[in-house]
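Next up, protein-v2.pdb (PDB, C-alpha atoms and all ligand atoms):
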ATOM      1  CA  MET N   9       0.000   0.000   0.000
ATOM      2  CA  PRO N  10       1.598   3.321  -1.018
ATOM      3  CA  ARG N  11       2.507   5.613   1.898
ATOM      4  CA  GLN N  12       0.067   8.520   2.339
ATOM      5  CA  LEU N  13       1.540  11.998   1.995
ATOM      6  CA  GLN N  14       0.344  15.056   3.896
ATOM      7  CA  GLN N  15      -0.031  16.997   0.670
ATOM      8  CA  LYS N  16      -3.382  16.971  -1.065
ATOM      9  CA  ARG N  17      -2.646  18.669  -4.374
ATOM     10  CA  VAL N  18       0.517  18.703  -6.495
ATOM     11  CA  GLY N  19       1.441  20.524  -9.691
ATOM     12  CA  VAL N  20       3.620  18.677 -12.205
ATOM     13  CA  VAL N  21       5.406  20.760 -14.835
ATOM     14  CA  GLY N  22       6.256  18.666 -17.903
ATOM     15  CA  ALA N  23       4.210  15.939 -19.592
ATOM     16  CA  SER N  24       6.967  13.570 -20.645
ATOM     17  CA  PHE N  25       8.124  10.383 -18.913
ATOM     18  CA  ILE N  26       9.252  11.829 -15.583
ATOM     19  CA  GLY N  27       6.258  14.119 -15.122
ATOM     20  CA  LEU N  28       3.736  11.442 -16.036
ATOM     21  CA  GLU N  29       5.327   8.706 -13.926
ATOM     22  CA  VAL N  30       5.295  11.098 -10.962
ATOM     23  CA  ALA N  31       1.656  11.930 -11.728
ATOM     24  CA  ALA N  32       0.720   8.213 -11.738
ATOM     25  CA  SER N  33       2.535   7.629  -8.427
ATOM     26  CA  LEU N  34       0.823  10.612  -6.805
ATOM     27  CA  ARG N  35      -2.605   9.495  -7.995
ATOM     28  CA  ALA N  36      -1.929   6.048  -6.480
ATOM     29  CA  ARG N  37      -1.569   7.935  -3.157
ATOM     30  CA  GLY N  38      -4.858   9.736  -3.667
ATOM     31  CA  ILE N  39      -3.253  13.127  -4.327
ATOM     32  CA  LEU N  40      -4.824  15.523  -6.820
ATOM     33  CA  VAL N  41      -2.516  16.223  -9.758
ATOM     34  CA  ASP N  42      -2.426  19.079 -12.270
ATOM     35  CA  VAL N  43       0.003  18.569 -15.184
ATOM     36  CA  VAL N  44       1.146  21.692 -17.062
ATOM     37  CA  ALA N  45       2.986  21.397 -20.396
ATOM     38  CA  PRO N  46       3.324  23.323 -23.672
ATOM     39  CA  GLU N  47       2.629  20.322 -25.953
ATOM     40  CA  SER N  48      -0.846  19.610 -27.307
ATOM     41  CA  GLN N  49      -0.540  15.981 -26.113
ATOM     42  CA  PRO N  50       1.699  14.414 -23.458
ATOM     43  CA  LEU N  51       4.775  12.552 -24.788
ATOM     44  CA  GLU N  52       4.074  14.088 -28.196
ATOM     45  CA  ARG N  53       7.690  14.959 -29.044
ATOM     46  CA  VAL N  54       8.902  11.451 -28.253
ATOM     47  CA  MET N  55       6.059   9.224 -29.387
ATOM     48  CA  GLY N  56       3.706  11.335 -31.467
ATOM     49  CA  ALA N  57       0.272  12.810 -30.860
ATOM     50  CA  GLU N  58      -1.687   9.543 -31.187
ATOM     51  CA  VAL N  59       0.247   7.647 -28.516
ATOM     52  CA  GLY N  60       0.203  10.840 -26.468
ATOM     53  CA  PHE N  61      -3.582  10.996 -26.714
ATOM     54  CA  PHE N  62      -3.843   7.360 -25.545
ATOM     55  CA  ILE N  63      -1.614   8.111 -22.537
ATOM     56  CA  ARG N  64      -3.506  11.312 -21.784
ATOM     57  CA  ARG N  65      -6.836   9.454 -21.684
ATOM     58  CA  LEU N  66      -5.272   6.864 -19.384
ATOM     59  CA  HIS N  67      -4.175   9.566 -16.940
ATOM     60  CA  GLU N  68      -7.467  11.420 -17.169
ATOM     61  CA  ALA N  69      -9.285   8.169 -16.365
ATOM     62  CA  HIS N  70      -7.194   8.119 -13.173
ATOM     63  CA  GLY N  71      -8.143  11.672 -12.307
ATOM     64  CA  VAL N  72      -5.194  13.741 -13.593
ATOM     65  CA  THR N  73      -6.061  17.246 -14.819
ATOM     66  CA  PHE N  74      -4.022  18.438 -17.820
ATOM     67  CA  HIS N  75      -3.256  22.043 -18.742
ATOM     68  CA  LEU N  76      -1.767  21.495 -22.206
ATOM     69  CA  GLY N  77      -0.584  24.220 -24.544
ATOM     70  CA  ASP N  78       0.166  26.160 -21.387
ATOM     71  CA  ALA N  79       3.123  27.050 -19.161
ATOM     72  CA  VAL N  80       3.874  28.391 -15.701
ATOM     73  CA  SER N  81       4.202  32.161 -15.686
ATOM     74  CA  ARG N  82       4.288  32.821 -11.921
ATOM     75  CA  VAL N  83       4.426  30.978  -8.620
ATOM     76  CA  ASN N  84       3.166  32.847  -5.578
ATOM     77  CA  GLY N  85       2.979  30.777  -2.435
ATOM     78  CA  ARG N  86       0.647  27.892  -3.197
ATOM     79  CA  THR N  87      -0.818  29.504  -6.289
ATOM     80  CA  VAL N  88       0.642  28.771  -9.705
ATOM     81  CA  THR N  89      -0.503  31.111 -12.438
ATOM     82  CA  LEU N  90      -0.344  29.807 -15.997
ATOM     83  CA  THR N  91       0.239  31.874 -19.127
ATOM     84  CA  SER N  92      -3.424  31.288 -20.025
ATOM     85  CA  GLY N  93      -4.350  33.055 -16.769
ATOM     86  CA  THR N  94      -5.558  29.857 -15.081
ATOM     87  CA  ALA N  95      -4.670  29.702 -11.376
ATOM     88  CA  VAL N  96      -3.763  26.269  -9.965
ATOM     89  CA  ASP N  97      -3.528  25.566  -6.228
ATOM     90  CA  THR N  98      -0.611  23.279  -5.254
ATOM     91  CA  ASP N  99       1.043  22.070  -2.063
ATOM     92  CA  PHE N 100       4.264  21.599  -4.035
ATOM     93  CA  LEU N 101       5.527  21.591  -7.613
ATOM     94  CA  VAL N 102       7.442  18.853  -9.420
ATOM     95  CA  LEU N 103       9.550  19.953 -12.403
ATOM     96  CA  GLY N 104      10.098  17.216 -14.996
ATOM     97  CA  VAL N 105      11.372  19.370 -17.817
ATOM     98  CA  GLY N 106      14.499  17.548 -19.001
ATOM     99  CA  VAL N 107      18.216  17.405 -18.309
ATOM    100  CA  ARG N 108      21.379  18.500 -20.082
ATOM    101  CA  PRO N 109      24.605  16.494 -20.199
ATOM    102  CA  SER N 110      27.493  17.827 -18.144
ATOM    103  CA  LEU N 111      30.168  18.531 -20.755
ATOM    104  CA  THR N 112      32.664  20.766 -18.971
ATOM    105  CA  LEU N 113      35.242  18.038 -18.368
ATOM    106  CA  ALA N 114      35.023  16.856 -21.992
ATOM    107  CA  GLU N 115      35.350  20.431 -23.257
ATOM    108  CA  GLN N 116      38.388  21.024 -21.071
ATOM    109  CA  ALA N 117      39.921  17.796 -22.420
ATOM    110  CA  GLY N 118      39.524  19.163 -25.965
ATOM    111  CA  LEU N 119      37.021  16.528 -27.135
ATOM    112  CA  ALA N 120      34.750  17.346 -30.075
ATOM    113  CA  ILE N 121      31.338  18.383 -28.776
ATOM    114  CA  ASP N 122      28.025  18.458 -30.618
ATOM    115  CA  ARG N 123      25.170  18.763 -28.086
ATOM    116  CA  GLY N 124      26.955  15.904 -26.314
ATOM    117  CA  ILE N 125      30.338  14.240 -26.650
ATOM    118  CA  GLU N 126      30.908  13.144 -30.248
ATOM    119  CA  VAL N 127      31.952   9.508 -30.549
ATOM    120  CA  ASN N 128      32.456   7.152 -33.489
ATOM    121  CA  GLU N 129      30.880   3.721 -33.957
ATOM    122  CA  TYR N 130      33.382   2.316 -31.443
ATOM    123  CA  LEU N 131      32.351   4.966 -28.880
ATOM    124  CA  GLU N 132      35.773   6.558 -29.182
ATOM    125  CA  THR N 133      35.861  10.343 -28.955
ATOM    126  CA  SER N 134      37.735  12.672 -31.293
ATOM    127  CA  VAL N 135      40.817  12.053 -29.132
ATOM    128  CA  ALA N 136      42.194   8.551 -29.695
ATOM    129  CA  GLY N 137      42.114   6.418 -26.574
ATOM    130  CA  ILE N 138      39.330   8.421 -24.865
ATOM    131  CA  PHE N 139      35.883   6.801 -24.954
ATOM    132  CA  ALA N 140      32.460   8.105 -23.918
ATOM    133  CA  ALA N 141      29.238   6.213 -23.186
ATOM    134  CA  GLY N 142      25.747   6.881 -21.854
ATOM    135  CA  ASP N 143      23.669  10.028 -21.676
ATOM    136  CA  ALA N 144      26.564  12.297 -22.642
ATOM    137  CA  ALA N 145      27.601  10.467 -25.835
ATOM    138  CA  ARG N 146      26.301  11.244 -29.343
ATOM    139  CA  TRP N 147      27.008   8.347 -31.668
ATOM    140  CA  PRO N 148      26.392   7.445 -35.341
ATOM    141  CA  ASP N 149      23.271   5.271 -35.164
ATOM    142  CA  PRO N 150      23.392   2.708 -37.996
ATOM    143  CA  HIS N 151      19.605   2.204 -37.938
ATOM    144  CA  THR N 152      18.643   5.785 -38.774
ATOM    145  CA  GLY N 153      21.930   6.957 -40.298
ATOM    146  CA  GLU N 154      21.855   9.910 -37.908
ATOM    147  CA  ARG N 155      24.009  10.891 -34.975
ATOM    148  CA  ILE N 156      21.888  10.533 -31.877
ATOM    149  CA  ARG N 157      22.184  11.006 -28.120
ATOM    150  CA  VAL N 158      19.792   9.064 -25.915
ATOM    151  CA  GLU N 159      19.033   9.323 -22.197
ATOM    152  CA  HIS N 160      18.010   5.723 -21.477
ATOM    153  CA  TRP N 161      19.304   3.411 -18.812
ATOM    154  CA  VAL N 162      19.741   0.285 -20.966
ATOM    155  CA  ILE N 163      21.629   2.183 -23.674
ATOM    156  CA  ALA N 164      24.009   3.585 -21.053
ATOM    157  CA  GLU N 165      24.656   0.056 -19.745
ATOM    158  CA  ARG N 166      25.160  -1.439 -23.204
ATOM    159  CA  GLN N 167      27.417   1.399 -24.293
ATOM    160  CA  GLY N 168      29.449   1.007 -21.127
ATOM    161  CA  GLN N 169      29.994  -2.651 -21.977
ATOM    162  CA  VAL N 170      31.013  -1.922 -25.587
ATOM    163  CA  ALA N 171      33.259   0.982 -24.571
ATOM    164  CA  ALA N 172      34.977  -1.241 -21.987
ATOM    165  CA  LYS N 173      35.639  -3.928 -24.596
ATOM    166  CA  ASN N 174      37.010  -1.347 -26.999
ATOM    167  CA  ILE N 175      39.277   0.131 -24.338
ATOM    168  CA  LEU N 176      40.662  -3.411 -24.127
ATOM    169  CA  GLY N 177      41.210  -3.385 -27.896
ATOM    170  CA  ARG N 178      38.242  -5.403 -29.186
ATOM    171  CA  ARG N 179      37.016  -2.895 -31.876
ATOM    172  CA  GLU N 180      33.315  -3.730 -31.421
ATOM    173  CA  LYS N 181      30.812  -1.429 -33.112
ATOM    174  CA  PHE N 182      27.931  -0.121 -31.049
ATOM    175  CA  ASP N 183      24.794  -0.938 -33.034
ATOM    176  CA  ALA N 184      22.092  -1.692 -30.444
ATOM    177  CA  VAL N 185      18.589  -0.306 -30.934
ATOM    178  CA  PRO N 186      17.806   2.222 -28.175
ATOM    179  CA  PHE N 187      15.285   0.868 -25.702
ATOM    180  CA  PHE N 188      13.159   2.599 -23.092
ATOM    181  CA  TRP N 189      10.199   1.575 -20.970
ATOM    182  CA  SER N 190       7.805   3.649 -18.920
ATOM    183  CA  GLN N 191       5.118   2.498 -16.495
ATOM    184  CA  HIS N 192       1.888   4.436 -15.924
ATOM    185  CA  TYR N 193      -0.531   2.738 -13.491
ATOM    186  CA  ASP N 194      -0.810  -0.846 -14.807
ATOM    187  CA  VAL N 195       0.120   0.106 -18.385
ATOM    188  CA  ALA N 196       3.710  -0.335 -19.548
ATOM    189  CA  ASN N 197       4.854   1.245 -22.761
ATOM    190  CA  GLN N 198       8.123   0.553 -24.498
ATOM    191  CA  LEU N 199      10.023   2.451 -27.159
ATOM    192  CA  ARG N 200      12.522   0.656 -29.390
ATOM    193  CA  GLY N 201      14.500   3.058 -31.539
ATOM    194  CA  PRO N 202      15.225   6.746 -31.159
ATOM    195  CA  ARG N 203      12.717   9.424 -30.263
ATOM    196  CA  ARG N 204      10.149  10.225 -32.897
ATOM    197  CA  GLU N 205      11.589  13.663 -33.572
ATOM    198  CA  VAL N 206      14.707  12.002 -35.044
ATOM    199  CA  GLY N 207      14.498  11.028 -38.674
ATOM    200  CA  GLY N 208      11.254  12.386 -40.149
ATOM    201  CA  TYR N 209       9.170   9.255 -39.760
ATOM    202  CA  ARG N 210       5.734   8.395 -41.008
ATOM    203  CA  ASP N 211       4.082   6.720 -38.061
ATOM    204  CA  ARG N 212       1.101   4.362 -38.129
ATOM    205  CA  TRP N 213      -0.638   1.930 -35.818
ATOM    206  CA  GLU N 214       0.488  -1.591 -36.726
ATOM    207  CA  PRO N 215      -2.560  -3.563 -37.921
ATOM    208  CA  ARG N 216      -1.502  -6.780 -36.143
ATOM    209  CA  CYS N 217      -1.835  -5.270 -32.691
ATOM    210  CA  ALA N 218      -4.187  -2.408 -33.527
ATOM    211  CA  ARG N 219      -3.883   0.602 -31.177
ATOM    212  CA  LEU N 220      -1.205  -1.076 -29.081
ATOM    213  CA  CYS N 221       1.805  -0.995 -31.432
ATOM    214  CA  ARG N 222       2.850   2.004 -33.447
ATOM    215  CA  ALA N 223       5.658   1.797 -35.992
ATOM    216  CA  TYR N 224       7.672   4.813 -37.151
ATOM    217  CA  LYS N 225       8.758   4.053 -40.691
ATOM    218  CA  LYS N 226      11.008   5.602 -43.281
ATOM    219  CA  GLY N 227      11.378   4.110 -46.756
ATOM    220  CA  GLY N 228       9.302   1.101 -45.673
ATOM    221  CA  ARG N 229      11.679   0.229 -42.786
ATOM    222  CA  ALA N 230      10.617   0.437 -39.158
ATOM    223  CA  LEU N 231      13.128   2.692 -37.398
ATOM    224  CA  ALA N 232      11.280   2.794 -34.110
ATOM    225  CA  VAL N 233       8.352   0.989 -32.541
ATOM    226  CA  VAL N 234       6.196   1.967 -29.571
ATOM    227  CA  THR N 235       4.173  -0.744 -27.862
ATOM    228  CA  ILE N 236       1.585  -0.447 -25.133
ATOM    229  CA  SER N 237       1.489  -3.513 -22.871
ATOM    230  CA  ARG N 238       2.891  -5.662 -25.688
ATOM    231  CA  ASP N 239       6.358  -6.643 -24.457
ATOM    232  CA  LEU N 240       6.756  -9.639 -26.760
ATOM    233  CA  GLN N 241       5.977  -7.615 -29.891
ATOM    234  CA  SER N 242       8.401  -4.951 -28.678
ATOM    235  CA  LEU N 243      11.207  -7.495 -28.300
ATOM    236  CA  GLN N 244      10.391  -9.004 -31.688
ATOM    237  CA  ALA N 245      10.603  -5.535 -33.251
ATOM    238  CA  GLU N 246      14.040  -4.972 -31.691
ATOM    239  CA  VAL N 247      15.337  -8.318 -32.960
ATOM    240  CA  ALA N 248      14.033  -7.543 -36.467
ATOM    241  CA  MET N 249      15.589  -4.058 -36.469
ATOM    242  CA  GLU N 250      18.957  -5.355 -35.309
ATOM    243  CA  ALA N 251      18.885  -8.260 -37.787
ATOM    244  CA  GLU N 252      18.542  -5.752 -40.635
ATOM    245  CA  ILE N 253      21.904  -4.220 -39.928
ATOM    246  CA  ARG N 254      23.850  -7.157 -38.518
ATOM    247  CA  PRO N 255      22.703 -10.309 -40.343
ATOM    248  CA  GLN N 256      26.071 -12.038 -40.138
ATOM    249  CA  ARG N 257      27.156 -10.874 -36.697
ATOM    250  CA  GLN N 258      29.151 -13.504 -34.786
ATOM    251  CA  GLU N 259      29.477 -13.230 -31.009
ATOM    252  CA  VAL N 260      33.185 -13.463 -30.171
ATOM    253  CA  ALA N 261      33.880 -15.029 -26.794
TER     254      ALA N 261
HETATM  255  C1  LIG N 301      14.387  11.101 -12.598
HETATM  256  C2  LIG N 301      14.920  10.204 -13.703
HETATM  257  C3  LIG N 301      14.214   9.038 -14.027
HETATM  258  C4  LIG N 301      14.688   8.196 -15.032
HETATM  259  N1  LIG N 301      13.973   7.065 -15.363
HETATM  260  C5  LIG N 301      14.409   6.257 -16.351
HETATM  261  C6  LIG N 301      13.686   5.072 -16.713
HETATM  262  O1  LIG N 301      12.626   4.769 -16.149
HETATM  263  N2  LIG N 301      14.189   4.276 -17.715
HETATM  264  C7  LIG N 301      15.333   4.609 -18.360
HETATM  265  O2  LIG N 301      15.739   3.873 -19.294
HETATM  266  N3  LIG N 301      16.053   5.725 -18.046
HETATM  267  C8  LIG N 301      15.610   6.544 -17.055
HETATM  268  N4  LIG N 301      16.322   7.683 -16.744
HETATM  269  C9  LIG N 301      17.563   7.957 -17.475
HETATM  270  C10 LIG N 301      18.718   7.154 -16.873
HETATM  271  O3  LIG N 301      18.804   7.451 -15.489
HETATM  272  C11 LIG N 301      20.006   7.569 -17.595
HETATM  273  O4  LIG N 301      19.874   7.251 -18.965
HETATM  274  C12 LIG N 301      21.232   6.844 -17.037
HETATM  275  O5  LIG N 301      21.381   7.113 -15.669
HETATM  276  C13 LIG N 301      22.475   7.322 -17.810
HETATM  277  O6  LIG N 301      23.630   6.766 -17.231
HETATM  278  P1  LIG N 301      25.011   7.546 -17.360
HETATM  279  O7  LIG N 301      25.997   6.686 -16.651
HETATM  280  O8  LIG N 301      25.255   7.919 -18.773
HETATM  281  O9  LIG N 301      24.789   8.928 -16.598
HETATM  282  P2  LIG N 301      24.467   9.181 -15.051
HETATM  283  O10 LIG N 301      23.673   8.065 -14.449
HETATM  284  O11 LIG N 301      23.895  10.569 -15.010
HETATM  285  O12 LIG N 301      25.887   9.160 -14.384
HETATM  286  C14 LIG N 301      26.855  10.146 -14.680
HETATM  287  C15 LIG N 301      27.813  10.213 -13.506
HETATM  288  O13 LIG N 301      28.914  11.029 -13.870
HETATM  289  C16 LIG N 301      29.163  11.915 -12.797
HETATM  290  N5  LIG N 301      29.874  13.090 -13.331
HETATM  291  C17 LIG N 301      29.400  14.090 -14.096
HETATM  292  N6  LIG N 301      30.366  14.972 -14.375
HETATM  293  C18 LIG N 301      31.489  14.513 -13.785
HETATM  294  C19 LIG N 301      32.836  14.979 -13.690
HETATM  295  N7  LIG N 301      33.231  16.119 -14.288
HETATM  296  N8  LIG N 301      33.723  14.234 -13.002
HETATM  297  C20 LIG N 301      33.342  13.080 -12.405
HETATM  298  N9  LIG N 301      32.095  12.596 -12.443
HETATM  299  C21 LIG N 301      31.185  13.315 -13.123
HETATM  300  C22 LIG N 301      27.799  12.223 -12.236
HETATM  301  O14 LIG N 301      27.915  12.723 -10.913
HETATM  302  C23 LIG N 301      27.172  10.833 -12.268
HETATM  303  O15 LIG N 301      27.514  10.056 -11.142
HETATM  304  C24 LIG N 301      15.880   8.528 -15.727
HETATM  305  C25 LIG N 301      16.578   9.704 -15.396
HETATM  306  C26 LIG N 301      16.098  10.538 -14.402
HETATM  307  C27 LIG N 301      16.865  11.803 -14.062
END

Target format structure tokens, applied to this file:
Amino acid sequence: MPRQLQQKRVGVVGASFIGLEVAASLRARGILVDVVAPESQPLERVMGAEVGFFIRRLHEAHGVTFHLGDAVSRVNGRTVTLTSGTAVDTDFLVLGVGVRPSLTLAEQAGLAIDRGIEVNEYLETSVAGIFAAGDAARWPDPHTGERIRVEHWVIAERQGQVAAKNILGRREKFDAVPFFWSQHYDVANQLRGPRREVGGYRDRWEPRCARLCRAYKKGGRALAVVTISRDLQSLQAEVAMEAEIRPQRQEVA
């Protein structure tokens, strides 16, 4: 049974993963939640408006109030005033508005920087012998053909493993499909591939699992797949995406 908090009403700024997971946890404790965000649908930038609408309805069914297309203009005591003029009462505010990588050390070391630390397919930076992995690294993604930087736990772990091997001289390319999961109430959604804003996709619901799998395609190839409570299909999509670029890959002991 979740612990009861003293607070009765909380404002959440940001309608992406952090803000919405916090909102779901607070609702499980019976706390009223107002979510404020500039997007027209939650998670829109990452997963598109249709998935965002699905997630929004899920949260609304659990009692969350959304203030979308809006932003905080002033906080005065327990009153938050939005740019629309709406006043929201809160006991406290949660800000889930994103993070930036800490690049000072890399800059001081003279590494090439491009909204992150630039690395090659071996996760080696512009300075030979220095490797970078995880949230701070921007790497050439062989699936999309673009250089991407991803803030996901599993990618950070997998990159750490590949970087460690390459420090030991293995020369292994990093070619894993980015993976992220997010839990809202009893609904888990998973993203395989980069965020939707990368790559100019056309995205559609996949007919075989209707409104529970959405594929982001370019030139007929799925570059990313979002699933809602369909873990098996999500794993199958990852295997298929990786097989496209590494059909002959041999695991070296
Ligand atoms: C609130 C929150 C919730 C999250 N939830 C999820 C989730 O559900 N699923 C998911 O996949 N991902 C999630 N993430 C993202 C996930 O935490 C990151 O992708 C992951 O931690 C990245 O690992 P990392 O090692 O690259 O960076 P970090 O975990 O940030 O570690 C970087 C380390 O480097 C240290 N450091 C920085 N600068 C220096 C310096 N100059 N010298 C020495 N040390 C330095 C930092 O102190 C830190 O210890 C979440 C992130 C946040 C903030």

Would you mind reading off the distance between atom CA of N:Ser48 and atom CA of N:Thr89, one decimal, in Å?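 Computing it gives 18.8 Å between the two atoms.
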
Within 7 Å of ligand LIG 301 (chain N), counting all atoms listed in the file, residues as number ranges by chain: N: 26, 110, 112-113, 141-144, 159-162, 164, 188-190

Go through the shown structure with the PyMOL selection byres (((chain N and resi 56-68) around 9) and not hetatm) and write out the matching residues as a ChimeraX atom specification. /N:28,31-32,48-55,69-74,192-193,195,204-205,211,213,219-220,222,234,236

Which one is closest to N:Ser237: N:Val158, N:Phe182, N:Arg108, N:Asp194? Count only C-alpha atoms.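 The shortest atom-to-atom distance to N:Ser237 comes from N:Asp194.
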
Please write as an mmCIF file with C-alpha atoms, in the coordinates of the input the full residue list that the PyMOL selection byres (((chain N and resi 95) around 12) and not hetatm) yields on this file.
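Result file is out36.cif:
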data_model
loop_
_atom_site.group_PDB
_atom_site.id
_atom_site.type_symbol
_atom_site.label_atom_id
_atom_site.label_comp_id
_atom_site.auth_asym_id
_atom_site.auth_seq_id
_atom_site.Cartn_x
_atom_site.Cartn_y
_atom_site.Cartn_z
ATOM 1 C CA GLY N 19 1.441 20.524 -9.691
ATOM 2 C CA ASP N 42 -2.426 19.079 -12.270
ATOM 3 C CA VAL N 44 1.146 21.692 -17.062
ATOM 4 C CA HIS N 75 -3.256 22.043 -18.742
ATOM 5 C CA ASP N 78 0.166 26.160 -21.387
ATOM 6 C CA ALA N 79 3.123 27.050 -19.161
ATOM 7 C CA VAL N 80 3.874 28.391 -15.701
ATOM 8 C CA SER N 81 4.202 32.161 -15.686
ATOM 9 C CA ARG N 82 4.288 32.821 -11.921
ATOM 10 C CA VAL N 83 4.426 30.978 -8.620
ATOM 11 C CA ASN N 84 3.166 32.847 -5.578
ATOM 12 C CA GLY N 85 2.979 30.777 -2.435
ATOM 13 C CA ARG N 86 0.647 27.892 -3.197
ATOM 14 C CA THR N 87 -0.818 29.504 -6.289
ATOM 15 C CA VAL N 88 0.642 28.771 -9.705
ATOM 16 C CA THR N 89 -0.503 31.111 -12.438
ATOM 17 C CA LEU N 90 -0.344 29.807 -15.997
ATOM 18 C CA THR N 91 0.239 31.874 -19.127
ATOM 19 C CA SER N 92 -3.424 31.288 -20.025
ATOM 20 C CA GLY N 93 -4.350 33.055 -16.769
ATOM 21 C CA THR N 94 -5.558 29.857 -15.081
ATOM 22 C CA VAL N 96 -3.763 26.269 -9.965
ATOM 23 C CA ASP N 97 -3.528 25.566 -6.228
ATOM 24 C CA THR N 98 -0.611 23.279 -5.254
#

For a test of reading the model, state the distance in Å between atom CA of N:Thr133 and atom CA of N:Val247, rounded to one decimal.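 Between atom CA of N:Thr133 and atom CA of N:Val247 the gap is 28.0 Å.
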
On this structure, the PyMOL selection byres (((chain N and resi 146-153) around 8) and not hetatm) would catch which residues? List them as number ranges by chain, sorted by chain and number. N: 122-129, 131, 144-145, 154-158, 183, 185, 207, 231, 249, 253

Can I get the selected residues back with C-alpha atoms, as a PDB file, keeping the file's coordinate frame?
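Full text of result.pdb as output:
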ATOM      1  CA  ASP N 122      28.025  18.458 -30.618  1.00  0.00           C
ATOM      2  CA  ARG N 123      25.170  18.763 -28.086  1.00  0.00           C
ATOM      3  CA  GLY N 124      26.955  15.904 -26.314  1.00  0.00           C
ATOM      4  CA  ILE N 125      30.338  14.240 -26.650  1.00  0.00           C
ATOM      5  CA  GLU N 126      30.908  13.144 -30.248  1.00  0.00           C
ATOM      6  CA  VAL N 127      31.952   9.508 -30.549  1.00  0.00           C
ATOM      7  CA  ASN N 128      32.456   7.152 -33.489  1.00  0.00           C
ATOM      8  CA  GLU N 129      30.880   3.721 -33.957  1.00  0.00           C
ATOM      9  CA  LEU N 131      32.351   4.966 -28.880  1.00  0.00           C
ATOM     10  CA  ALA N 144      26.564  12.297 -22.642  1.00  0.00           C
ATOM     11  CA  ALA N 145      27.601  10.467 -25.835  1.00  0.00           C
ATOM     12  CA  GLU N 154      21.855   9.910 -37.908  1.00  0.00           C
ATOM     13  CA  ARG N 155      24.009  10.891 -34.975  1.00  0.00           C
ATOM     14  CA  ILE N 156      21.888  10.533 -31.877  1.00  0.00           C
ATOM     15  CA  ARG N 157      22.184  11.006 -28.120  1.00  0.00           C
ATOM     16  CA  VAL N 158      19.792   9.064 -25.915  1.00  0.00           C
ATOM     17  CA  ASP N 183      24.794  -0.938 -33.034  1.00  0.00           C
ATOM     18  CA  VAL N 185      18.589  -0.306 -30.934  1.00  0.00           C
ATOM     19  CA  GLY N 207      14.498  11.028 -38.674  1.00  0.00           C
ATOM     20  CA  LEU N 231      13.128   2.692 -37.398  1.00  0.00           C
ATOM     21  CA  MET N 249      15.589  -4.058 -36.469  1.00  0.00           C
ATOM     22  CA  ILE N 253      21.904  -4.220 -39.928  1.00  0.00           C
TER      23      ILE N 253
END

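Considering only C-alpha atoms, the residue among N:Pro215, N:Gly22, N:Pro186, N:Gly177 positioned nearest to N:Gln198 is N:Pro186.
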
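Each of N:Phe100, N:Ala171, N:Glu165, N:Gln191 was checked against N:Ser33 using all atoms listed in the file; the smallest atom-to-atom distance is that of N:Gln191.
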
Between N:Thr235, N:Arg166, N:Asn174, N:Glu115, which one has atoms that come closest to N:Phe139, using only C-alpha atoms?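 Checking each candidate against N:Phe139, we get N:Asn174 as the closest.
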
Shortest contact to N:Arg254, candidates N:Ala232, N:Gly77, N:Arg210, N:Ala184, atoms counted only C-alpha atoms, goes to N:Ala184

Would you compute the distance between atom CA of N:Ala117 and atom CA of N:Ile163? Give it in Å to one decimal. 24.1 Å
